[in-house]
Amino acid sequence: MKEHETGVFSVSAERQDVPPSISRRRKLASSVALAVAGAALLGAYDVSAAPADEAKKAAGGEPSVAELKAQVERLTRELEASKQREQDLIDQGAAEAPLDTPVAAGAVAGGNGQGEAVAAAEPQAEEEKPEEPKNLAEVTVTSRRKEEKLQDVPIPIAVIGGEQMKRDNIVSVQDFARRVPNLGVTNTNARQTSIALRGLGKNSGNESMESSVGVMIDNVWQSWVGSTWVNFADIDHVEVLRGPQGTLQGKNSNLGLINVVSQTPSFKSGYYADGFAGNRNSLQGKFGATGTILPGLLAYRASGYIDKRDGWVQNLDVAVTDGKLQETDSMGGRLQFLLTPSDTLSARFILDRTSSTQSMSVNPNMLDPATFADGTVRPTTYSSRLARDWFDVFERSGQPITVIGDPRKVAQDNKLKSRADSEGVSAEINWDVLGHRFTSVSAYRNSLFEPHHDGDRSVADIMRIGGVTVDNEQWSQEFRIASKEPGPIDYQAGVFTMRSVAETLSQNHYGDDAGAFYASNAQYGRLNSTAVGRQMMSASMRELMDTAYLNPATDSYAAYGQINWHITDAATLTLGLRDTFEQRSNSGNHYAIGGADLTALASSIGATAQNLTDALAIRSGQIKPNWVAARQGFDQNSQNWLVNPSYKITDDIMAYFSVAGGQKSGAAQFNANTGEVENVDPENVMDYELGIKSSWLNKTLVFNLNLYQTDIEGFQSQLVIPDEVRPGQFRTRLGNVDGIQLRGIELESSWDVTPGLNLFMNGSYNHAIYTDFKNAPCPPEANKAVCDQTGLTLPNAPAFTANFGFDYRVPFGFGVVDDYGLQWHAYMVDSFKSAANYNASLSASGKQPAYHVTDGGIGLGTKDGKYNLDLVGRNVFDTIYLTNSSNWSSTGASTGTYGDARYYGVHFRAKF
C-alpha cells in the first residue's frame, strides 16, 4: 500500500481490492474533509494576500511563474498550520479510525517504532475492511527508527505482523522462533532463556555476559535476556533484524536484534477482548482499551493478559497430587499514556508488570549410558548411585525412584514453585523543530527470578532446593536527532547510556539421602556396612546449604550515527558508526553453611576414624571451598560500523549489499570453584550480506533472497569443562571460542493468489561451523578433557529451517450469497527444522532428528474483522522435539528441554 504524506498526515492510497461501495464512501468522506479544509485555507489566503499580488490583480495582469510558486509554497505552509483544524473536523464525524490506528497528531514517532508523527484520519469505511495479515509488499517496519516499507529497507528483516500474532496466538519469544527461519529460542525458565540467530547466540545461565542477539521492546533495550520471559500481548508487530546492529539505536548487538513494537494509545475510543479455552485446562484471556482522557491532549491505552495451562510432563511421585508438570501460570498488564501538548511535541509513558509461576524447571532425564564411547565401563553413574540399597525403600513401596528415557515422564518430589517477575517504566519524548526530530528515551526495568528446582530429579531426598536467584536492574537514557527535510542526504545520530546490575545467588540445599548418593563406591561400601557408618553418611550432607553470590555490573556509554546518501533516485549509500565505552566489574563469594559438626557427631556416637574420614571426604568432594572475591573488572572501548549500498533496479526490485563489523566487550568473571579471576576476552564479528527484494504480479507476489557470511572471533560462550574440585564431574565456565563461521541463504516469499488466499514460504540454509576450536570441551562419552571440534557444525544450528502455510478467507455463502456480512477463514503454519545437535559439547545425547511442528485453525468471523470464532490447534501432531540438552556425568543423567506439547481449543476475538 503506497503512502502519500502532506505535512504530518499519512493518507493511504486506495487498494484495488476494496469493494466499490466502500471506496465511494471513503472518497466522499475524504472529499468533504478536504473541501472544508481547503475553504478555510482559501479564506486565510485572501486575508493575507501580498500587496504585490493585489496590485497585479488591480492592473488586470496574471501572476508570474515565480509568484505562483511562492503562492504554492505559502499555501503549503498554511496547510501545515491548519492541520489541527482539519483533524478537529475529522474527529467530529468526517472520519473515524480503528482501534489499532494512532490518531493523535504526534502519536509517538519512533517511540514505539511508529515512525513519523501521525494524525491518521482514516474514513469510517476503513473499519469495514477485514483485518487480515498483510502481504509483505504492504508491511511497514521501523527498524531504522522511521517508517519504511519492508521492501525498501536494504537489510534482511523478518516481520511477524500484529494480526498474525493475534490470529495464531503468538505470545512468547519461543513462538517467534516458529514463525522466523534461522531464529532459535530455548526458554526452560527465565534464567535459562537463550536466543540465537543463524545457529548462534547466547548460551543461557550467566549474567556476566550479554546476549549477542539483542532484544528491544518499545525502544527500550533489555539488558537481561530473562526479561523476555513474558507474554507479549497488545503487540503491533515484531521485527527480526539479522547482522550486527547498533549504529542506529540502543545497545550494540553482534548478531542481530529482535524489535518488539506494541500498540500505541489512540484518541479514538476502542476496546478488544481475546479469549481461549481448551484442553489441558487452558484458559487464556487478553484485553485492551484505548481512548481520550483530555481531548486533543492526553490519551491512554490499557491492556492485560492471563495465561493458565496444565503441563504435559507426568510426575510419577505418588505423593504429588497434581501429576502434571511444566504448566503455564502467568499474568501481566501494561498502562500507557500519550501526551500531545502541541503539533510538534509528544510524549509516551509506559508502565508494565508481569508475573509467572511454575512448579519447577522440568528437564526429563534422557540418557545415562553404562559405558563410554570406546566401550569402557563407567565406574559410577547416576543410575548406579540410585541403585544402591540405601534407596531400596522406594522400590519396595512401588515408587519409581527416577525415570530415564521418557520425555513426557519424571519422578520428582519437589513441589515448590519457581517465580519470575518483571516490571518497568519508560518515557519517550519527541520534538519536531528546526527540520529535525529530537527524541529522548528514559527507562528503568527490574526483573526477578526465584527458582525452586528438584536438583536431583528423583523422589529421593538428595537436593531439596537447587537453582540461581537473579535480581536484575537496569537504567537507560538515550537521546537521538534525526533529519526530517527531504534531500540528497538524511541522517540520524544519538548517544546512549545504560547501567545494568545483577545480583545472583546460587543455593543448593542437601537432604537426608545426599551422603549416600554422593559417596564414592568405596566410601559407600565402608559406611553402609554398620549402623553408625550409615548415620555418619547421612549426616555428611544433611541440611548443608551451598551458596554462591555474584554481582556483575556494567556501565555503558555510546555515541552512534548513520547517514543515507541518495546518490541518485535509485542509488543510496548508507554509512554507520558507533563507539561504545564500557566499565565492567564483578564481585562475589562462596559459602557453605549449616550441616552437622561431623567431628563432634563422630565422637558422640562412637564412629571410627575411618567413618569420620569418609564422611568428611563426601562433603569436601561435593562442596567447593569458601572464597571471597573483591570487586574487579576492566574498561573497554569497542566499535561497530556499517557500509550498506543499495540500488532500486525498478520500482519493485531492489538489490543491496552490506559489510558490517561489530565488537562486544569482554566479561568480568570468577572461577566458580576457587574465586580466581576468569575474565573473558571481547567478541569480534565481521558480517557480509547480499540480497534482493522484489515484488511481482502487481505486488501480489513478494520474493526476497539474502546471502550472508558472518565470521566471529572470540565468541563468548558457556564452556563445559572438567571440575577441578570434583573428579569425574563437569562444570561450566564462561570463555571464548577462537573461530566460528556462519554462511547461508535466506528466503522470504508471500503470494496473494486470489483475493482471500495467501500462500507463504520462508526458509533458510545455514552452514554454521567452528573454524578454530582446538581446545573445545569434550562430550562426556569421549572420556577426556579436551577435543578438537574445528570443522564441526555448531550446536543448535540445523542446516535447513522453514515455515510455510496458507491463509484462506471466503464469504459465508462461498461467493454465492454474500449478504450475511460473515466469512469463513482457515490457516495453517508448518515449522520445519532439519536434524541438529542441541548439546553444547556436541554429545550424542543432544541429537534431534528433523521434525515439523504444525499449527492451524478454522473459524467464522465478520468481514470487518470485529468478531472471530475459531477452533485452533498448536502442535497439532504433538511433535516431541528437543530445544536444549545437558551433559551426563557421574552424578546426573543427561536432561532435555522440550518444546510445548499439543493443545487445542476455541479462540474468540472481539473488537469494539
# chains A, B, ... in the order shown; residues from 1 in each chain; ligands from 1
call {"tool": "residues_around", "arguments": {"residues": "Ala559 (chain A)", "least_positions_apart": "3", "cutoff": "12 Å", "atoms": "only C-alpha atoms", "output": "JSON, numbers by chain"}}
result
{"A": [246, 247, 248, 249, 250, 251, 252, 478, 479, 480, 481, 492, 493, 494, 495, 496, 497, 556, 562, 576, 577, 578, 579, 580, 581, 637, 638, 639, 640, 641]}
call {"tool": "residues_around", "arguments": {"residues": "Arg743 (chain A)", "least_positions_apart": "5", "cutoff": "7 Å", "atoms": "only C-alpha atoms", "output": "ChimeraX atom specification"}}
result
/A:708-710,766-768
call {"tool": "residues_around", "arguments": {"residues": "region 384-389 of chain A", "least_positions_apart": "4", "cutoff": "10 Å", "atoms": "only C-alpha atoms", "output": "PyMOL selection string"}}
result
chain A and resi 368+370+378-380+393-395+401-402+458+460+516-521+524-525+528+890-892
call {"tool": "residues_around", "arguments": {"residues": "Asp512 (chain A)", "least_positions_apart": "2", "cutoff": "7 Å", "atoms": "only C-alpha atoms", "output": "list in words"}}
result
Asp461, Ile462, Ala514, Ser538 and Arg542 of chain A
call {"tool": "write_last_selection", "arguments": {"atoms": "N, CA and C atoms", "output": "PDB file, in the first residue's frame"}}
result
ATOM      1  N   ASP A 461      15.538 -37.830  48.796  1.00  0.00           N
ATOM      2  CA  ASP A 461      15.806 -36.554  49.474  1.00  0.00           C
ATOM      3  C   ASP A 461      17.294 -36.237  49.356  1.00  0.00           C
ATOM      4  N   ILE A 462      17.711 -35.912  48.134  1.00  0.00           N
ATOM      5  CA  ILE A 462      19.128 -35.636  47.870  1.00  0.00           C
ATOM      6  C   ILE A 462      19.372 -34.136  47.850  1.00  0.00           C
ATOM      7  N   ALA A 514      21.534 -37.353  50.578  1.00  0.00           N
ATOM      8  CA  ALA A 514      22.627 -36.822  49.763  1.00  0.00           C
ATOM      9  C   ALA A 514      23.937 -37.551  50.000  1.00  0.00           C
ATOM     10  N   SER A 538      24.689 -40.272  56.359  1.00  0.00           N
ATOM     11  CA  SER A 538      23.524 -39.403  56.219  1.00  0.00           C
ATOM     12  C   SER A 538      23.841 -37.989  56.688  1.00  0.00           C
ATOM     13  N   ARG A 542      23.482 -33.736  55.097  1.00  0.00           N
ATOM     14  CA  ARG A 542      22.146 -33.322  55.524  1.00  0.00           C
ATOM     15  C   ARG A 542      22.120 -31.881  56.028  1.00  0.00           C
TER      16      ARG A 542
END
call {"tool": "atom_distance", "arguments": {"atom1": "CA of Lys308 (chain A)", "atom2": "CA of Tyr867 (chain A)"}}
result
23.3 Å
call {"tool": "residues_around", "arguments": {"residues": "Tyr688 (chain A)", "least_positions_apart": "2", "cutoff": "12 Å", "atoms": "only C-alpha atoms", "output": "number ranges by chain"}}
result
A: 155-156, 242-244, 255, 642-644, 656-662, 685-686, 690-691, 706-712, 741-745
call {"tool": "write_last_selection", "arguments": {"atoms": "N, CA and C atoms", "output": "short mmCIF file (atom, residue, chain, number, x, y, z; two decimals), in the first residue's frame"}}
result
data_model
loop_
_atom_site.label_atom_id
_atom_site.label_comp_id
_atom_site.auth_asym_id
_atom_site.auth_seq_id
_atom_site.Cartn_x
_atom_site.Cartn_y
_atom_site.Cartn_z
N ILE A 155 18.30 -4.25 4.32
CA ILE A 155 18.89 -5.20 5.26
C ILE A 155 17.91 -6.36 5.41
N PRO A 156 18.40 -7.56 5.78
CA PRO A 156 17.50 -8.70 5.94
C PRO A 156 16.67 -8.58 7.21
N ARG A 242 18.73 -9.19 11.12
CA ARG A 242 19.89 -10.07 11.12
C ARG A 242 21.15 -9.28 10.81
N GLY A 243 22.24 -9.67 11.46
CA GLY A 243 23.51 -8.99 11.27
C GLY A 243 23.78 -8.00 12.38
N PRO A 244 25.02 -7.48 12.49
CA PRO A 244 25.38 -6.55 13.57
C PRO A 244 24.48 -5.32 13.57
N LEU A 255 25.00 -10.04 16.51
CA LEU A 255 24.43 -10.99 15.56
C LEU A 255 23.04 -10.63 15.08
N LEU A 642 29.16 0.18 9.63
CA LEU A 642 28.30 -0.35 8.57
C LEU A 642 28.56 0.40 7.26
N VAL A 643 28.71 -0.35 6.17
CA VAL A 643 28.72 0.19 4.81
C VAL A 643 27.67 -0.58 4.03
N ASN A 644 26.65 0.15 3.52
CA ASN A 644 25.46 -0.53 3.01
C ASN A 644 24.92 0.18 1.75
N TYR A 656 20.84 -5.02 -2.72
CA TYR A 656 21.64 -4.37 -1.68
C TYR A 656 22.82 -5.23 -1.29
N PHE A 657 23.79 -4.58 -0.70
CA PHE A 657 24.97 -5.26 -0.16
C PHE A 657 25.37 -4.53 1.12
N SER A 658 25.85 -5.26 2.08
CA SER A 658 26.34 -4.60 3.28
C SER A 658 27.52 -5.36 3.83
N VAL A 659 28.43 -4.61 4.41
CA VAL A 659 29.53 -5.19 5.18
C VAL A 659 29.53 -4.43 6.50
N ALA A 660 29.59 -5.17 7.58
CA ALA A 660 29.48 -4.56 8.90
C ALA A 660 30.42 -5.27 9.86
N GLY A 661 30.97 -4.48 10.76
CA GLY A 661 31.83 -5.01 11.82
C GLY A 661 31.24 -4.71 13.18
N GLY A 662 31.40 -5.62 14.10
CA GLY A 662 30.88 -5.42 15.44
C GLY A 662 31.83 -5.98 16.48
N VAL A 685 33.04 -9.54 15.33
CA VAL A 685 32.22 -10.07 14.24
C VAL A 685 32.47 -9.27 12.96
N MET A 686 32.58 -9.98 11.84
CA MET A 686 32.59 -9.37 10.51
C MET A 686 31.48 -10.03 9.70
N LEU A 690 24.27 -9.94 1.09
CA LEU A 690 23.98 -9.61 -0.30
C LEU A 690 22.58 -10.09 -0.59
N GLY A 691 21.70 -9.16 -0.98
CA GLY A 691 20.31 -9.58 -1.13
C GLY A 691 19.56 -8.84 -2.20
N ASN A 706 18.40 -13.47 0.48
CA ASN A 706 19.57 -12.88 1.13
C ASN A 706 20.66 -13.93 1.30
N LEU A 707 21.88 -13.59 0.88
CA LEU A 707 23.06 -14.42 1.11
C LEU A 707 23.88 -13.76 2.20
N TYR A 708 24.48 -14.58 3.07
CA TYR A 708 25.24 -13.99 4.17
C TYR A 708 26.47 -14.83 4.50
N GLN A 709 27.43 -14.16 5.08
CA GLN A 709 28.58 -14.81 5.70
C GLN A 709 28.98 -14.00 6.92
N THR A 710 29.07 -14.66 8.04
CA THR A 710 29.44 -14.00 9.29
C THR A 710 30.61 -14.74 9.90
N ASP A 711 31.70 -14.01 10.16
CA ASP A 711 32.89 -14.58 10.78
C ASP A 711 33.03 -14.00 12.18
N ILE A 712 33.16 -14.88 13.17
CA ILE A 712 33.25 -14.46 14.56
C ILE A 712 34.56 -14.95 15.16
N GLN A 741 32.20 -19.62 11.79
CA GLN A 741 31.71 -19.02 10.55
C GLN A 741 30.27 -19.49 10.29
N LEU A 742 29.44 -18.50 9.95
CA LEU A 742 28.06 -18.77 9.55
C LEU A 742 27.92 -18.37 8.09
N ARG A 743 27.42 -19.25 7.28
CA ARG A 743 27.28 -18.96 5.85
C ARG A 743 26.00 -19.61 5.34
N GLY A 744 25.19 -18.84 4.59
CA GLY A 744 23.96 -19.45 4.13
C GLY A 744 23.11 -18.53 3.28
N ILE A 745 21.86 -18.94 3.13
CA ILE A 745 20.91 -18.22 2.28
C ILE A 745 19.56 -18.22 2.98
#
call {"tool": "atom_distance", "arguments": {"atom1": "CA of Leu616 (chain A)", "atom2": "CA of Asn887 (chain A)"}}
result
27.6 Å
call {"tool": "closest_residue", "arguments": {"among": "A:Phe287, A:Trp751, A:Phe715, A:Tyr491", "to": "Ile235 (chain A)", "atoms": "only C-alpha atoms"}}
result
A:Phe287
call {"tool": "closest_residue", "arguments": {"among": "A:Asp752, A:Glu428, A:Glu582, A:Asp421", "to": "Val220 (chain A)", "atoms": "only C-alpha atoms"}}
result
A:Glu428
call {"tool": "decode", "arguments": {"residues": "region 556-666 of chain A", "atoms": "C-alpha atoms", "output": "tab-separated table (two decimals), in the first residue's frame"}}
result
chain	number	residue	atom	x	y	z
A	556	SER	CA	27.84	1.51	29.07
A	557	TYR	CA	28.26	4.81	27.17
A	558	ALA	CA	27.98	5.12	23.41
A	559	ALA	CA	27.69	7.58	20.53
A	560	TYR	CA	26.41	6.48	17.15
A	561	GLY	CA	25.28	7.81	13.81
A	562	GLN	CA	24.01	6.71	10.43
A	563	ILE	CA	23.75	8.63	7.18
A	564	ASN	CA	21.91	7.87	3.94
A	565	TRP	CA	23.34	9.47	0.81
A	566	HIS	CA	20.81	9.30	-2.03
A	567	ILE	CA	23.29	9.44	-4.88
A	568	THR	CA	20.51	9.18	-7.45
A	569	ASP	CA	16.81	8.41	-7.26
A	570	ALA	CA	17.76	4.74	-7.47
A	571	ALA	CA	21.11	4.51	-5.68
A	572	THR	CA	21.66	5.03	-1.95
A	573	LEU	CA	24.73	4.59	0.22
A	574	THR	CA	24.21	4.07	3.95
A	575	LEU	CA	27.12	4.51	6.35
A	576	GLY	CA	27.02	3.92	10.09
A	577	LEU	CA	29.44	4.15	13.01
A	578	ARG	CA	29.23	3.51	16.75
A	579	ASP	CA	31.74	3.86	19.55
A	580	THR	CA	31.00	2.19	22.89
A	581	PHE	CA	32.89	2.62	26.14
A	582	GLU	CA	32.09	0.18	28.93
A	583	GLN	CA	33.13	-0.36	32.51
A	584	ARG	CA	32.58	-3.97	33.55
A	585	SER	CA	33.08	-5.31	37.04
A	586	ASN	CA	32.11	-8.17	39.31
A	587	SER	CA	32.43	-9.29	42.92
A	588	GLY	CA	31.36	-12.43	44.71
A	589	ASN	CA	31.73	-15.02	47.40
A	590	HIS	CA	31.05	-18.63	48.17
A	591	TYR	CA	29.99	-20.13	51.47
A	592	ALA	CA	28.79	-23.47	52.74
A	593	ILE	CA	26.55	-23.04	55.76
A	594	GLY	CA	24.64	-25.38	58.02
A	595	GLY	CA	25.17	-29.08	58.29
A	596	ALA	CA	26.32	-31.16	61.24
A	597	ASP	CA	29.65	-30.86	63.03
A	598	LEU	CA	30.91	-34.22	61.83
A	599	THR	CA	33.81	-34.41	64.28
A	600	ALA	CA	31.55	-33.81	67.27
A	601	LEU	CA	28.95	-36.23	65.91
A	602	ALA	CA	31.55	-38.96	65.39
A	603	SER	CA	32.71	-38.57	68.97
A	604	SER	CA	29.19	-38.65	70.38
A	605	ILE	CA	28.05	-41.80	68.55
A	606	GLY	CA	31.32	-43.71	68.70
A	607	ALA	CA	32.18	-43.60	65.00
A	608	THR	CA	35.56	-44.88	63.88
A	609	ALA	CA	38.30	-42.68	62.48
A	610	GLN	CA	37.62	-44.20	59.05
A	611	ASN	CA	33.93	-43.35	59.38
A	612	LEU	CA	34.82	-39.71	60.07
A	613	THR	CA	37.38	-39.60	57.24
A	614	ASP	CA	34.84	-40.97	54.75
A	615	ALA	CA	32.09	-38.55	55.85
A	616	LEU	CA	34.41	-35.56	55.59
A	617	ALA	CA	35.56	-36.73	52.13
A	618	ILE	CA	31.97	-36.97	50.89
A	619	ARG	CA	31.35	-33.38	51.98
A	620	SER	CA	34.60	-31.95	50.57
A	621	GLY	CA	34.07	-33.79	47.30
A	622	GLN	CA	30.76	-32.06	46.71
A	623	ILE	CA	31.15	-28.66	48.40
A	624	LYS	CA	33.54	-26.10	46.97
A	625	PRO	CA	35.95	-24.28	49.32
A	626	ASN	CA	34.79	-20.96	50.75
A	627	TRP	CA	36.12	-17.87	48.97
A	628	VAL	CA	35.56	-14.13	48.82
A	629	ALA	CA	36.47	-12.08	45.73
A	630	ALA	CA	36.76	-8.30	45.89
A	631	ARG	CA	35.29	-6.24	43.05
A	632	GLN	CA	37.43	-6.45	39.94
A	633	GLY	CA	36.95	-5.56	36.31
A	634	PHE	CA	38.16	-3.51	33.38
A	635	ASP	CA	37.37	-0.66	30.99
A	636	GLN	CA	36.94	-1.37	27.31
A	637	ASN	CA	36.26	0.51	24.12
A	638	SER	CA	34.60	-1.13	21.11
A	639	GLN	CA	33.30	-0.09	17.69
A	640	ASN	CA	30.52	-1.04	15.30
A	641	TRP	CA	30.40	0.13	11.70
A	642	LEU	CA	28.30	-0.35	8.57
A	643	VAL	CA	28.72	0.19	4.81
A	644	ASN	CA	25.46	-0.53	3.01
A	645	PRO	CA	24.89	0.43	-0.67
A	646	SER	CA	21.54	-0.31	-2.31
A	647	TYR	CA	20.07	0.18	-5.77
A	648	LYS	CA	16.44	0.25	-6.98
A	649	ILE	CA	16.59	-1.62	-10.27
A	650	THR	CA	12.91	-0.88	-10.78
A	651	ASP	CA	10.16	0.41	-8.51
A	652	ASP	CA	9.59	-3.19	-7.43
A	653	ILE	CA	13.11	-4.62	-7.34
A	654	MET	CA	15.93	-3.54	-5.04
A	655	ALA	CA	19.40	-5.03	-4.66
A	656	TYR	CA	21.64	-4.37	-1.68
A	657	PHE	CA	24.97	-5.26	-0.16
A	658	SER	CA	26.34	-4.60	3.28
A	659	VAL	CA	29.53	-5.19	5.18
A	660	ALA	CA	29.48	-4.56	8.90
A	661	GLY	CA	31.83	-5.01	11.82
A	662	GLY	CA	30.88	-5.42	15.44
A	663	GLN	CA	32.60	-5.86	18.76
A	664	LYS	CA	31.21	-6.87	22.12
A	665	SER	CA	33.11	-6.14	25.33
A	666	GLY	CA	34.55	-8.93	27.41
